[in-house]
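Student: So here's my_file06.csv, just CSV, C-alpha atoms and all ligand atoms:
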chain,number,residue,atom,x,y,z
A,270,MET,CA,-22.5,68.7,-28.4
A,271,SER,CA,-19.0,69.4,-29.6
A,272,THR,CA,-17.9,73.0,-30.0
A,273,LEU,CA,-15.3,74.3,-32.4
A,274,SER,CA,-12.8,74.9,-29.5
A,275,HIS,CA,-13.5,71.4,-28.2
A,276,ASP,CA,-12.7,70.0,-31.7
A,277,TYR,CA,-9.5,72.0,-31.7
A,278,ASP,CA,-8.5,70.2,-28.5
A,279,HIS,CA,-8.4,67.0,-30.4
A,280,LEU,CA,-6.0,68.1,-33.1
A,281,CYS,CA,-2.5,66.7,-32.8
A,282,SER,CA,0.4,68.8,-31.6
A,283,ALA,CA,2.2,68.5,-34.9
A,284,VAL,CA,-0.6,70.4,-36.6
A,285,SER,CA,-0.2,73.3,-34.2
A,286,ARG,CA,3.4,73.7,-35.4
A,287,LEU,CA,2.2,74.3,-39.0
A,288,GLY,CA,2.2,77.8,-40.4
A,289,SER,CA,0.6,78.5,-43.8
A,290,GLU,CA,2.0,79.8,-47.0
A,291,ALA,CA,1.4,83.5,-46.8
A,292,ALA,CA,1.0,83.9,-50.6
A,293,PHE,CA,-2.4,82.0,-50.5
A,294,GLU,CA,-3.6,84.1,-47.5
A,295,VAL,CA,-2.7,87.4,-49.1
A,296,LEU,CA,-4.3,86.3,-52.3
A,297,GLY,CA,-7.5,85.5,-50.3
A,298,ARG,CA,-7.5,89.0,-48.8
A,299,ALA,CA,-6.8,90.6,-52.1
A,300,ARG,CA,-9.8,88.8,-53.7
A,301,GLU,CA,-12.0,90.0,-50.8
A,302,LEU,CA,-11.0,93.5,-51.5
A,303,GLN,CA,-11.7,93.0,-55.2
A,304,ALA,CA,-15.1,91.7,-54.3
A,305,LEU,CA,-15.7,95.0,-52.6
A,306,GLY,CA,-14.9,96.8,-55.8
A,307,ARG,CA,-11.2,97.7,-55.1
A,308,ASP,CA,-8.7,97.5,-57.9
A,309,ILE,CA,-5.7,95.4,-56.9
A,310,VAL,CA,-2.4,94.7,-58.6
A,311,HIS,CA,-1.4,91.1,-57.9
A,312,MET,CA,2.3,90.5,-57.1
A,313,GLU,CA,1.8,87.9,-54.4
A,314,VAL,CA,1.5,84.5,-55.9
A,315,GLY,CA,4.5,82.7,-57.6
A,316,GLU,CA,2.8,81.5,-60.7
A,317,PRO,CA,3.4,82.3,-64.4
A,318,ASP,CA,0.6,84.5,-65.8
A,319,PHE,CA,1.0,82.6,-69.1
A,320,ASP,CA,-1.3,79.8,-70.2
A,321,THR,CA,0.0,76.3,-70.5
A,322,PRO,CA,1.5,75.9,-74.1
A,323,ALA,CA,-1.0,74.6,-76.6
A,324,HIS,CA,0.7,71.3,-77.5
A,325,ILE,CA,0.8,70.4,-73.8
A,326,LYS,CA,-2.9,71.1,-73.3
A,327,GLU,CA,-3.7,69.1,-76.5
A,328,ALA,CA,-1.7,66.1,-75.1
A,329,GLY,CA,-3.7,66.3,-71.8
A,330,LYS,CA,-7.0,66.5,-73.7
A,331,ALA,CA,-6.1,63.7,-76.0
A,332,ALA,CA,-5.1,61.6,-73.0
A,333,ILE,CA,-8.5,62.2,-71.3
A,334,ASP,CA,-10.3,61.2,-74.6
A,335,ALA,CA,-8.2,58.1,-74.7
A,336,ASN,CA,-9.3,57.3,-71.2
A,337,PHE,CA,-6.1,57.8,-69.4
A,338,THR,CA,-8.3,58.6,-66.4
A,339,HIS,CA,-7.7,55.6,-64.2
A,340,TYR,CA,-5.3,54.9,-61.3
A,341,ALA,CA,-1.6,54.9,-62.3
A,342,PRO,CA,1.4,53.2,-60.7
A,343,ASN,CA,2.4,55.0,-57.4
A,344,ALA,CA,5.8,56.2,-58.8
A,345,GLY,CA,4.3,57.4,-62.1
A,346,ILE,CA,3.8,55.7,-65.5
A,347,MET,CA,6.9,54.1,-66.9
A,348,GLU,CA,6.9,56.1,-70.1
A,349,PHE,CA,6.9,59.4,-68.2
A,350,ARG,CA,9.6,58.3,-65.7
A,351,GLU,CA,11.8,57.3,-68.7
A,352,VAL,CA,11.3,60.7,-70.3
A,353,ILE,CA,12.1,62.5,-67.1
A,354,ALA,CA,15.3,60.4,-66.5
A,355,ASP,CA,16.4,61.2,-70.0
A,356,TYR,CA,15.6,64.9,-69.9
A,357,ALA,CA,17.1,65.4,-66.5
A,358,THR,CA,20.3,63.7,-67.5
A,359,ARG,CA,20.7,65.8,-70.6
A,360,PHE,CA,19.6,69.1,-69.1
A,361,ARG,CA,22.2,68.7,-66.2
A,362,GLY,CA,24.9,67.4,-68.6
A,363,LEU,CA,25.5,64.3,-66.4
A,364,ALA,CA,28.1,61.6,-67.4
A,365,THR,CA,26.1,58.9,-65.7
A,366,ALA,CA,22.5,58.7,-66.8
A,367,TYR,CA,19.5,58.7,-64.4
A,368,THR,CA,17.4,55.6,-64.6
A,369,PRO,CA,13.6,55.4,-64.3
A,370,ASP,CA,13.8,53.6,-61.0
A,371,MET,CA,15.1,56.8,-59.5
A,372,VAL,CA,12.1,58.9,-60.6
A,373,VAL,CA,9.0,59.4,-58.5
A,374,VAL,CA,6.2,61.5,-59.9
A,375,ALA,CA,3.8,63.5,-57.6
A,376,PRO,CA,0.9,65.9,-57.8
A,377,GLY,CA,3.3,68.9,-57.4
A,378,ALA,CA,6.8,69.4,-56.2
A,379,LYS,CA,5.4,70.5,-52.9
A,380,GLN,CA,4.0,67.0,-52.3
A,381,ILE,CA,7.2,65.2,-53.2
A,382,ILE,CA,9.2,67.5,-50.9
A,383,TRP,CA,6.9,66.8,-48.1
A,384,ASN,CA,7.0,63.0,-48.7
A,385,LEU,CA,10.8,63.0,-49.1
A,386,LEU,CA,11.3,64.8,-45.8
A,387,ALA,CA,8.9,62.4,-44.2
A,388,ALA,CA,11.1,59.6,-45.5
A,389,LEU,CA,14.4,61.2,-44.3
A,390,LEU,CA,13.8,63.0,-41.0
A,391,ASP,CA,13.3,61.3,-37.6
A,392,PRO,CA,12.2,63.4,-34.6
A,393,GLY,CA,15.3,65.2,-33.3
A,394,ASP,CA,17.1,65.1,-36.7
A,395,GLU,CA,18.3,68.4,-38.1
A,396,MET,CA,17.6,69.8,-41.5
A,397,VAL,CA,19.8,72.7,-42.6
A,398,TYR,CA,18.3,75.1,-45.1
A,399,ALA,CA,18.8,78.6,-46.5
A,400,ASP,CA,16.9,81.4,-44.8
A,401,PRO,CA,14.7,83.0,-46.2
A,402,ALA,CA,13.1,80.0,-47.8
A,403,TYR,CA,10.1,78.5,-49.5
A,404,PRO,CA,8.0,77.7,-46.4
A,405,THR,CA,7.3,74.0,-47.1
A,406,TYR,CA,10.8,72.8,-46.0
A,407,ALA,CA,10.6,74.1,-42.4
A,408,ALA,CA,6.9,73.3,-42.2
A,409,ALA,CA,7.5,69.7,-43.0
A,410,ALA,CA,10.5,69.4,-40.8
A,411,GLY,CA,8.6,71.0,-37.9
A,412,TYR,CA,5.6,68.7,-38.4
A,413,LEU,CA,7.9,65.7,-38.3
A,414,GLY,CA,9.4,66.8,-35.0
A,415,ALA,CA,12.8,67.5,-36.7
A,416,THR,CA,14.7,70.7,-36.2
A,417,ALA,CA,14.9,73.1,-39.1
A,418,VAL,CA,18.3,74.9,-38.8
A,419,PRO,CA,18.4,78.1,-40.9
A,420,VAL,CA,21.5,79.5,-42.6
A,421,ARG,CA,21.4,83.1,-43.8
A,422,LEU,CA,21.5,84.1,-47.4
A,423,LEU,CA,23.3,87.3,-47.9
A,424,GLU,CA,22.1,90.2,-50.0
A,425,SER,CA,25.7,91.4,-50.0
A,426,LYS,CA,26.6,88.1,-51.8
A,427,ASN,CA,23.9,88.5,-54.4
A,428,TRP,CA,21.8,86.1,-52.2
A,429,GLY,CA,24.5,83.5,-51.9
A,430,LEU,CA,24.9,81.4,-48.7
A,431,ASP,CA,26.9,82.5,-45.7
A,432,LEU,CA,29.1,79.4,-46.1
A,433,ASP,CA,31.0,79.8,-42.9
A,434,GLU,CA,27.7,79.9,-41.0
A,435,PHE,CA,26.6,76.9,-43.1
A,436,GLU,CA,29.6,74.9,-42.1
A,437,ALA,CA,29.2,75.9,-38.4
A,438,LYS,CA,25.6,74.8,-38.4
A,439,LEU,CA,26.4,71.2,-39.6
A,440,SER,CA,26.2,68.7,-36.8
A,441,ASP,CA,26.2,64.9,-36.4
A,442,ARG,CA,22.4,65.3,-36.3
A,443,THR,CA,22.3,66.9,-39.8
A,444,ASN,CA,20.4,64.4,-41.9
A,445,VAL,CA,19.3,66.7,-44.7
A,446,VAL,CA,20.5,69.8,-46.4
A,447,VAL,CA,18.0,71.6,-48.6
A,448,LEU,CA,19.2,73.7,-51.5
A,449,ASN,CA,17.0,75.8,-53.7
A,450,SER,CA,18.6,77.5,-56.7
A,451,PRO,CA,17.3,79.6,-58.4
A,452,HIS,CA,15.8,80.7,-55.2
A,453,ASN,CA,12.3,81.6,-53.9
A,454,PRO,CA,11.9,84.2,-52.5
A,455,THR,CA,15.2,86.1,-53.4
A,456,GLY,CA,15.7,85.2,-57.0
A,457,GLY,CA,19.3,84.3,-56.1
A,458,VAL,CA,21.3,81.7,-57.9
A,459,LEU,CA,24.0,79.7,-56.1
A,460,SER,CA,27.4,80.2,-57.7
A,461,HIS,CA,29.7,77.4,-58.8
A,462,ASP,CA,32.0,78.2,-55.9
A,463,ASP,CA,29.2,77.9,-53.4
A,464,LEU,CA,28.1,74.6,-54.8
A,465,ALA,CA,31.7,73.3,-54.8
A,466,ARG,CA,32.2,74.2,-51.2
A,467,ILE,CA,28.8,72.5,-50.2
A,468,ALA,CA,29.9,69.4,-52.2
A,469,GLU,CA,33.2,69.4,-50.4
A,470,LEU,CA,31.4,69.6,-47.0
A,471,ALA,CA,29.0,66.9,-48.1
A,472,LEU,CA,32.0,64.5,-48.6
A,473,ARG,CA,33.1,65.1,-45.0
A,474,HIS,CA,29.6,64.7,-43.5
A,475,ARG,CA,26.8,62.2,-44.0
A,476,PHE,CA,23.8,64.4,-44.9
A,477,VAL,CA,21.6,63.9,-48.0
A,478,ILE,CA,21.1,67.0,-50.2
A,479,LEU,CA,17.6,67.8,-51.4
A,480,SER,CA,18.1,70.1,-54.3
A,481,ASP,CA,14.9,71.9,-55.2
A,482,GLU,CA,15.5,72.9,-58.8
A,483,ILE,CA,12.0,73.9,-59.8
A,484,TYR,CA,13.2,77.2,-61.2
A,485,SER,CA,16.0,75.6,-63.2
A,486,ARG,CA,14.5,76.9,-66.5
A,487,ASN,CA,14.2,80.4,-65.1
A,488,VAL,CA,17.7,81.7,-65.1
A,489,TYR,CA,18.6,85.1,-66.7
A,490,GLY,CA,22.2,85.9,-65.9
A,491,PRO,CA,24.5,83.0,-65.2
A,492,LYS,CA,24.2,79.5,-66.6
A,493,PHE,CA,22.1,77.2,-64.5
A,494,GLU,CA,24.3,75.1,-62.3
A,495,SER,CA,23.2,72.1,-60.2
A,496,ILE,CA,24.8,70.4,-57.3
A,497,THR,CA,24.3,67.2,-59.3
A,498,GLN,CA,27.5,68.1,-61.4
A,499,PHE,CA,29.4,66.7,-58.4
A,500,GLU,CA,28.7,63.2,-59.5
A,501,GLU,CA,30.8,61.6,-56.7
A,502,LEU,CA,27.8,62.6,-54.5
A,503,ARG,CA,25.3,60.9,-56.7
A,504,ASP,CA,24.2,58.4,-54.0
A,505,ARG,CA,23.2,61.3,-51.7
A,506,ILE,CA,21.6,63.9,-53.9
A,507,ILE,CA,17.9,64.2,-54.6
A,508,VAL,CA,16.7,66.5,-57.3
A,509,VAL,CA,13.2,68.0,-57.0
A,510,ASP,CA,11.7,69.5,-60.2
A,511,GLY,CA,8.3,70.1,-61.7
A,512,PHE,CA,6.2,71.7,-64.4
A,513,SER,CA,4.5,74.5,-62.5
A,514,LYS,CA,7.0,77.2,-63.2
A,515,ALA,CA,8.8,76.4,-66.5
A,516,TYR,CA,5.7,75.2,-68.4
A,517,ALA,CA,3.1,77.4,-66.7
A,518,MET,CA,1.3,74.3,-65.3
A,519,THR,CA,0.6,75.2,-61.7
A,520,GLY,CA,-3.0,73.9,-61.7
A,521,TRP,CA,-2.1,70.6,-63.4
A,522,ARG,CA,-0.2,69.6,-60.2
A,523,LEU,CA,2.8,67.8,-61.6
A,524,GLY,CA,6.2,67.5,-60.1
A,525,TYR,CA,8.8,64.8,-59.4
A,526,CYS,CA,12.0,63.8,-57.7
A,527,ILE,CA,15.0,61.9,-58.9
A,528,ALA,CA,16.6,60.1,-56.0
A,529,PRO,CA,19.0,57.3,-55.2
A,530,PRO,CA,16.9,54.1,-55.7
A,531,LYS,CA,16.5,53.3,-52.0
A,532,ILE,CA,15.2,56.8,-51.3
A,533,ALA,CA,13.0,56.6,-54.4
A,534,ARG,CA,11.5,53.4,-53.1
A,535,ALA,CA,10.7,55.1,-49.8
A,536,ALA,CA,9.1,58.1,-51.6
A,537,THR,CA,7.1,55.5,-53.6
A,538,LEU,CA,5.9,53.8,-50.4
A,539,LEU,CA,4.8,57.2,-49.1
A,540,ALA,CA,3.1,57.9,-52.4
A,541,ASN,CA,1.3,54.6,-52.0
A,542,ASN,CA,0.1,55.6,-48.5
A,543,THR,CA,-0.8,59.3,-49.3
A,544,TYR,CA,-1.7,60.5,-52.8
A,545,ALA,CA,-1.6,57.0,-54.4
A,546,CYS,CA,-0.8,58.4,-57.8
A,547,THR,CA,-0.6,61.4,-60.0
A,548,ALA,CA,-3.4,62.1,-62.6
A,549,THR,CA,-2.5,59.9,-65.6
A,550,PHE,CA,-3.6,62.5,-68.2
A,551,ALA,CA,-1.4,65.1,-66.4
A,552,GLN,CA,1.6,62.7,-66.8
A,553,LYS,CA,0.8,62.4,-70.5
A,554,ALA,CA,0.8,66.2,-70.7
A,555,GLY,CA,4.2,66.1,-68.9
A,556,ILE,CA,5.6,63.8,-71.6
A,557,ALA,CA,4.5,66.3,-74.2
A,558,ALA,CA,6.2,69.1,-72.2
A,559,LEU,CA,9.5,67.4,-72.0
A,560,THR,CA,9.6,65.9,-75.5
A,561,GLY,CA,7.7,68.6,-77.5
A,562,ASP,CA,8.6,72.1,-78.7
A,563,ASP,CA,10.6,73.9,-76.1
A,564,ALA,CA,10.2,77.3,-77.8
A,565,PRO,CA,7.3,78.4,-75.5
A,566,VAL,CA,9.5,77.9,-72.4
A,567,VAL,CA,12.3,79.9,-74.0
A,568,ALA,CA,9.9,82.7,-75.0
A,569,MET,CA,8.3,82.9,-71.5
A,570,ASN,CA,11.8,83.2,-70.1
A,571,GLU,CA,12.7,86.0,-72.4
A,572,THR,CA,9.5,87.8,-71.3
A,573,PHE,CA,10.4,87.3,-67.6
A,574,ARG,CA,13.8,88.8,-68.3
A,575,GLU,CA,12.3,91.8,-70.0
A,576,ARG,CA,9.9,92.3,-67.1
A,577,ARG,CA,12.7,91.8,-64.5
A,578,ASP,CA,14.9,94.4,-66.1
A,579,ARG,CA,12.2,97.1,-66.3
A,580,PHE,CA,10.6,96.3,-63.0
A,581,VAL,CA,13.7,96.1,-60.9
A,582,ALA,CA,15.0,99.4,-62.5
A,583,GLN,CA,11.7,101.0,-61.5
A,584,LEU,CA,11.9,99.7,-57.9
A,585,ASN,CA,15.3,101.2,-57.5
A,586,THR,CA,14.0,104.7,-58.3
A,587,ILE,CA,11.5,104.5,-55.4
A,588,PRO,CA,12.8,106.4,-52.3
A,589,GLY,CA,13.7,104.0,-49.6
A,590,VAL,CA,13.7,100.9,-51.8
A,591,SER,CA,16.8,99.1,-53.1
A,592,CYS,CA,16.8,95.8,-55.1
A,593,PRO,CA,19.7,93.8,-56.5
A,594,ILE,CA,19.0,92.4,-59.9
A,595,PRO,CA,17.8,88.8,-59.3
A,596,ASP,CA,19.5,86.2,-61.5
A,597,GLY,CA,16.7,83.6,-61.5
A,598,ALA,CA,13.1,82.6,-60.7
A,599,PHE,CA,10.6,85.4,-61.1
A,600,TYR,CA,10.8,87.3,-57.8
A,601,ALA,CA,12.1,90.7,-56.8
A,602,PHE,CA,13.2,90.9,-53.2
A,603,PRO,CA,13.8,94.6,-52.4
A,604,ASN,CA,15.4,95.9,-49.2
A,605,ILE,CA,13.0,98.3,-47.5
A,606,THR,CA,14.9,98.8,-44.2
A,607,GLN,CA,15.2,102.5,-44.9
A,608,ILE,CA,11.5,102.7,-44.5
A,609,THR,CA,10.8,100.0,-41.9
A,610,THR,CA,12.0,96.6,-40.7
A,611,ASP,CA,8.3,95.6,-40.2
A,612,ASP,CA,7.9,94.2,-43.7
A,613,VAL,CA,4.6,92.4,-42.9
A,614,ALA,CA,3.0,95.7,-41.7
A,615,LEU,CA,4.3,97.4,-44.8
A,616,ALA,CA,2.9,94.7,-47.0
A,617,LYS,CA,-0.4,94.9,-45.3
A,618,PHE,CA,-0.4,98.7,-45.7
A,619,LEU,CA,0.4,98.4,-49.4
A,620,LEU,CA,-2.4,96.0,-49.9
A,621,GLU,CA,-5.1,97.8,-47.9
A,622,GLU,CA,-4.1,101.4,-48.7
A,623,GLY,CA,-2.0,101.1,-51.9
A,624,GLY,CA,-3.9,98.4,-53.8
A,625,VAL,CA,-0.8,96.2,-54.3
A,626,ALA,CA,-0.8,92.6,-53.1
A,627,LEU,CA,2.7,91.4,-52.1
A,628,LEU,CA,4.4,89.6,-49.3
A,629,GLY,CA,6.6,90.6,-46.4
A,630,GLY,CA,10.0,89.0,-46.6
A,631,SER,CA,9.8,87.6,-43.1
A,632,CYS,CA,7.0,85.3,-44.2
A,633,PHE,CA,9.9,83.3,-45.6
A,634,GLY,CA,12.0,83.3,-42.4
A,635,GLU,CA,13.7,85.7,-40.1
A,636,ALA,CA,16.4,86.5,-42.6
A,637,GLY,CA,13.7,88.0,-44.8
A,638,ARG,CA,12.9,90.7,-42.3
A,639,GLY,CA,13.2,94.1,-43.9
A,640,TYR,CA,12.4,92.9,-47.4
A,641,LEU,CA,9.4,92.5,-49.6
A,642,ARG,CA,8.7,89.7,-52.1
A,643,LEU,CA,7.1,90.7,-55.4
A,644,SER,CA,6.4,88.1,-58.1
A,645,TYR,CA,7.0,89.8,-61.5
A,646,ALA,CA,5.1,87.1,-63.4
A,647,ASN,CA,2.7,89.8,-64.5
A,648,SER,CA,2.3,92.0,-67.5
A,649,LEU,CA,4.5,95.1,-68.0
A,650,HIS,CA,1.4,97.2,-67.6
A,651,GLU,CA,0.6,95.7,-64.2
A,652,LEU,CA,4.3,96.0,-63.2
A,653,ASP,CA,4.2,99.7,-64.1
A,654,ARG,CA,1.1,100.2,-62.0
A,655,CYS,CA,2.7,98.3,-59.1
A,656,ALA,CA,5.7,100.6,-59.1
A,657,GLU,CA,3.5,103.7,-59.4
A,658,ARG,CA,1.3,102.7,-56.5
A,659,MET,CA,4.3,101.9,-54.3
A,660,ARG,CA,5.9,105.2,-55.1
A,661,ALA,CA,2.6,107.0,-54.2
A,662,ALA,CA,1.8,105.0,-51.1
A,663,LEU,CA,5.1,104.5,-49.3
A,664,PRO,CA,5.5,108.1,-48.1
A,665,ARG,CA,2.1,107.7,-46.3
A,666,PHE,CA,3.3,104.6,-44.3
A,667,ALA,CA,3.4,105.6,-40.7
A,668,GLY,CA,5.4,102.5,-39.6
B,1,LIG,N1,9.6,74.7,-54.6
B,1,LIG,C1,9.7,76.0,-54.7
B,1,LIG,C2,11.0,76.7,-54.3
B,1,LIG,C3,8.6,76.8,-55.0
B,1,LIG,O1,8.6,78.1,-55.0
B,1,LIG,C4,7.4,76.1,-55.3
B,1,LIG,C5,6.1,76.8,-55.6
B,1,LIG,O2,6.0,78.0,-55.4
B,1,LIG,C6,7.4,74.7,-55.2
B,1,LIG,C7,8.5,74.0,-54.9
B,1,LIG,C8,6.1,73.9,-55.4
B,1,LIG,O3,5.7,73.8,-56.7
B,1,LIG,P1,4.5,72.8,-57.2
B,1,LIG,O4,3.5,73.7,-57.8
B,1,LIG,O5,5.1,71.9,-58.2
B,1,LIG,O6,4.0,72.1,-56.0
In structure tokens, what does this structure look like?

Tutor:
Amino acid sequence: MSTLSHDYDHLCSAVSRLGSEAAFEVLGRARELQALGRDIVHMEVGEPDFDTPAHIKEAGKAAIDANFTHYAPNAGIMEFREVIADYATRFRGLATAYTPDMVVVAPGAKQIIWNLLAALLDPGDEMVYADPAYPTYAAAAGYLGATAVPVRLLESKNWGLDLDEFEAKLSDRTNVVVLNSPHNPTGGVLSHDDLARIAELALRHRFVILSDEIYSRNVYGPKFESITQFEELRDRIIVVDGFSKAYAMTGWRLGYCIAPPKIARAATLLANNTYACTATFAQKAGIAALTGDDAPVVAMNETFRERRDRFVAQLNTIPGVSCPIPDGAFYAFPNITQITTDDVALAKFLLEEGGVALLGGSCFGEAGRGYLRLSYANSLHELDRCAERMRAALPRFAG
């Protein structure tokens, strides 16, 4: 009779290299505590607390009623791919238009990131990425037997890249560079100068840039800038974007990439072999999102800005906590090194003893050590309760 441990012996070595996204684990523990009657303030998961705008939901419902409930083409339905190509060209102000053959739709940006890296990384290849980072990039690279090479983001540069370190870490094995701006978990936005220097380095090296722009509509200070503005690199830039963050559509599972046709064909082949296609009615809802009234997106963003301003100001009044004002996404990433460098222990303490669910910065990589990540996609009332609870609990942390 097989035992659990015996079963584990049969799992492949690649799986043993996988971590898991801490946000989902902390959410699980927070829900357990709630089931025991504890009152928890949720700051852990990166999802808008708003509902999907009504006209998008209506389009999804109408599509189900019209029986758009069958398999769809692997890369996505043509109408949606045309709409995405058109929107992405206009939104990024590109001189040369994207074409639908460059677009591959997926059930979430996470899935397309995974499939793209599977198409690009051989064992032993190197993927350079900013640390701390959304965990999926390094997870996929590790699973594929490639080496994930972290480059520090600097709090002192408003979470810009250490570009000298970036240049030093490029090698002839660097096949992929991952950019993510606006950035999870720091809320940082790469400046024009940073992007220009990366573009210049790209011209001298042979790597492909995977630019994860899923927070492109969540920018509060500077204008959103994309590496795609360096159009001379067009045949080596892949844009990843999606609907989860801008349109409050996390549960619809809808994302896409825009890639040079050869890479798009490889991503389509991987789609064929993995998820097959993305729910057709979700794609119809995506068309409504990109072609319909944009006012709800703008309104959500204004609300995020208001929350950011109030919440970050409050964090900065808590002894031992300091937080630069994040320019994008919806995360605050305060420095807590005056209290401890063991951010995971502090996050655990704040959940168990303080009733606030949040994440240790090191869950996103070594460079996140000594920071906390708080998603401020929550009501002002909950944000106020979060700050009060942190202020009350932190002096009791024994480290
Ligand atoms: N990329 C980044 C940087 C993210 O933070 C997330 C979600 O948290 C994703 C991609 C995945 O989004 P999706 O819901 O489309 O899979």

Student: Please report the interatomic distance between atom CA of A:Gly456 and atom CA of A:Lys438 in Å with one decimal.

Tutor: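 Separation of atom CA of A:Gly456 and atom CA of A:Lys438: 23.5 Å.
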
Student: At a cut-off of 10 Å and counting all atoms listed in the file, what residues surround ligand LIG 1 (chain B)? Please answer as JSON, numbers by chain.

Tutor: {"A": [290, 292, 314, 315, 316, 375, 376, 377, 378, 379, 380, 381, 382, 383, 402, 403, 404, 405, 406, 448, 449, 450, 451, 452, 453, 454, 480, 481, 482, 483, 484, 509, 510, 511, 512, 513, 514, 517, 518, 519, 520, 521, 522, 523, 524, 525, 598, 599, 600]}

Student: Any chance you could export the current selection's C-alpha atoms as an mmCIF file, keeping the file's coordinate frame?

Tutor:
data_model
loop_
_atom_site.group_PDB
_atom_site.id
_atom_site.type_symbol
_atom_site.label_atom_id
_atom_site.label_comp_id
_atom_site.auth_asym_id
_atom_site.auth_seq_id
_atom_site.Cartn_x
_atom_site.Cartn_y
_atom_site.Cartn_z
ATOM 1 C CA GLU A 290 2.000 79.800 -47.000
ATOM 2 C CA ALA A 292 1.000 83.900 -50.600
ATOM 3 C CA VAL A 314 1.500 84.500 -55.900
ATOM 4 C CA GLY A 315 4.500 82.700 -57.600
ATOM 5 C CA GLU A 316 2.800 81.500 -60.700
ATOM 6 C CA ALA A 375 3.800 63.500 -57.600
ATOM 7 C CA PRO A 376 0.900 65.900 -57.800
ATOM 8 C CA GLY A 377 3.300 68.900 -57.400
ATOM 9 C CA ALA A 378 6.800 69.400 -56.200
ATOM 10 C CA LYS A 379 5.400 70.500 -52.900
ATOM 11 C CA GLN A 380 4.000 67.000 -52.300
ATOM 12 C CA ILE A 381 7.200 65.200 -53.200
ATOM 13 C CA ILE A 382 9.200 67.500 -50.900
ATOM 14 C CA TRP A 383 6.900 66.800 -48.100
ATOM 15 C CA ALA A 402 13.100 80.000 -47.800
ATOM 16 C CA TYR A 403 10.100 78.500 -49.500
ATOM 17 C CA PRO A 404 8.000 77.700 -46.400
ATOM 18 C CA THR A 405 7.300 74.000 -47.100
ATOM 19 C CA TYR A 406 10.800 72.800 -46.000
ATOM 20 C CA LEU A 448 19.200 73.700 -51.500
ATOM 21 C CA ASN A 449 17.000 75.800 -53.700
ATOM 22 C CA SER A 450 18.600 77.500 -56.700
ATOM 23 C CA PRO A 451 17.300 79.600 -58.400
ATOM 24 C CA HIS A 452 15.800 80.700 -55.200
ATOM 25 C CA ASN A 453 12.300 81.600 -53.900
ATOM 26 C CA PRO A 454 11.900 84.200 -52.500
ATOM 27 C CA SER A 480 18.100 70.100 -54.300
ATOM 28 C CA ASP A 481 14.900 71.900 -55.200
ATOM 29 C CA GLU A 482 15.500 72.900 -58.800
ATOM 30 C CA ILE A 483 12.000 73.900 -59.800
ATOM 31 C CA TYR A 484 13.200 77.200 -61.200
ATOM 32 C CA VAL A 509 13.200 68.000 -57.000
ATOM 33 C CA ASP A 510 11.700 69.500 -60.200
ATOM 34 C CA GLY A 511 8.300 70.100 -61.700
ATOM 35 C CA PHE A 512 6.200 71.700 -64.400
ATOM 36 C CA SER A 513 4.500 74.500 -62.500
ATOM 37 C CA LYS A 514 7.000 77.200 -63.200
ATOM 38 C CA ALA A 517 3.100 77.400 -66.700
ATOM 39 C CA MET A 518 1.300 74.300 -65.300
ATOM 40 C CA THR A 519 0.600 75.200 -61.700
ATOM 41 C CA GLY A 520 -3.000 73.900 -61.700
ATOM 42 C CA TRP A 521 -2.100 70.600 -63.400
ATOM 43 C CA ARG A 522 -0.200 69.600 -60.200
ATOM 44 C CA LEU A 523 2.800 67.800 -61.600
ATOM 45 C CA GLY A 524 6.200 67.500 -60.100
ATOM 46 C CA TYR A 525 8.800 64.800 -59.400
ATOM 47 C CA ALA A 598 13.100 82.600 -60.700
ATOM 48 C CA PHE A 599 10.600 85.400 -61.100
ATOM 49 C CA TYR A 600 10.800 87.300 -57.800
#

Student: May I ask which of the residues A:Leu538, A:Asp612, A:Leu652, A:Ala407 is the closest one to A:Gly288, counting only C-alpha atoms?

Tutor: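 Comparing A:Leu538, A:Asp612, A:Leu652, A:Ala407 against A:Gly288, the winner is A:Ala407.
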
Student: Neighbours of stretch 363-365 of chain A within 9 Å (only C-alpha atoms; same-chain residues fewer than 2 positions away dropped), as a ChimeraX atom specification?

Tutor: /A:357-361,367,497-498,500

Student: Under the rule that all atoms listed in the file are counted, which of A:Ala536, A:Tyr356, A:Glu657, A:Ile594 is the nearest residue to A:Ala582?

Tutor: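 That would be A:Ile594, the residue with the smallest distance to A:Ala582.
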
Student: Hey, can you pull every residue with an atom no more than 7 Å from (3.5, 67.4, -35.8), using all atoms listed in the file, and send it as a list in words?

Tutor: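 Final list of nearby residues, as requested, is Cys281, Ser282, Ala283, Val284, Arg286, Gly411, Tyr412, Leu413 and Gly414 of chain A.
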
Student: Counting only C-alpha atoms, which residue out of A:Gly457, A:Pro401, A:Gly634, A:Pro317 sits closest to A:Cys592?

Tutor: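 With only C-alpha atoms as the atom set, the closest residue is A:Gly457.
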
Student: Could you tell me how far atom CA of A:Ala636 sits from atom CA of A:Gly623, in Å to one decimal place?

Tutor: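 According to the coordinates, atom CA of A:Gly623 and atom CA of A:Ala636 are separated by 25.3 Å.
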
Student: With only C-alpha atoms as the basis for distance, which of A:Ala554, A:Asn343, A:Ala323, A:Arg486 is at the shortest distance from A:Val566?

Tutor: A:Arg486

Student: Show which residues sit within 7 Å of A:Ala341, as an MDAnalysis selection string. Count only C-alpha atoms, and ignore same-chain residues fewer than 5 positions away.

Tutor: chainID A and resid 346 546:547 549

Student: What's the separation between atom CA of A:Ala656 and atom CA of A:Cys632, in Å to one decimal place?

Tutor: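 Value for the atom CA of A:Ala656-atom CA of A:Cys632 distance: 21.4 Å.
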
Student: What lies within 6 Å of A:Arg642 using only C-alpha atoms, ignoring chain neighbours under 3 positions off, as a VMD selection string?

Tutor: chain A and resid 601 to 602 628 630
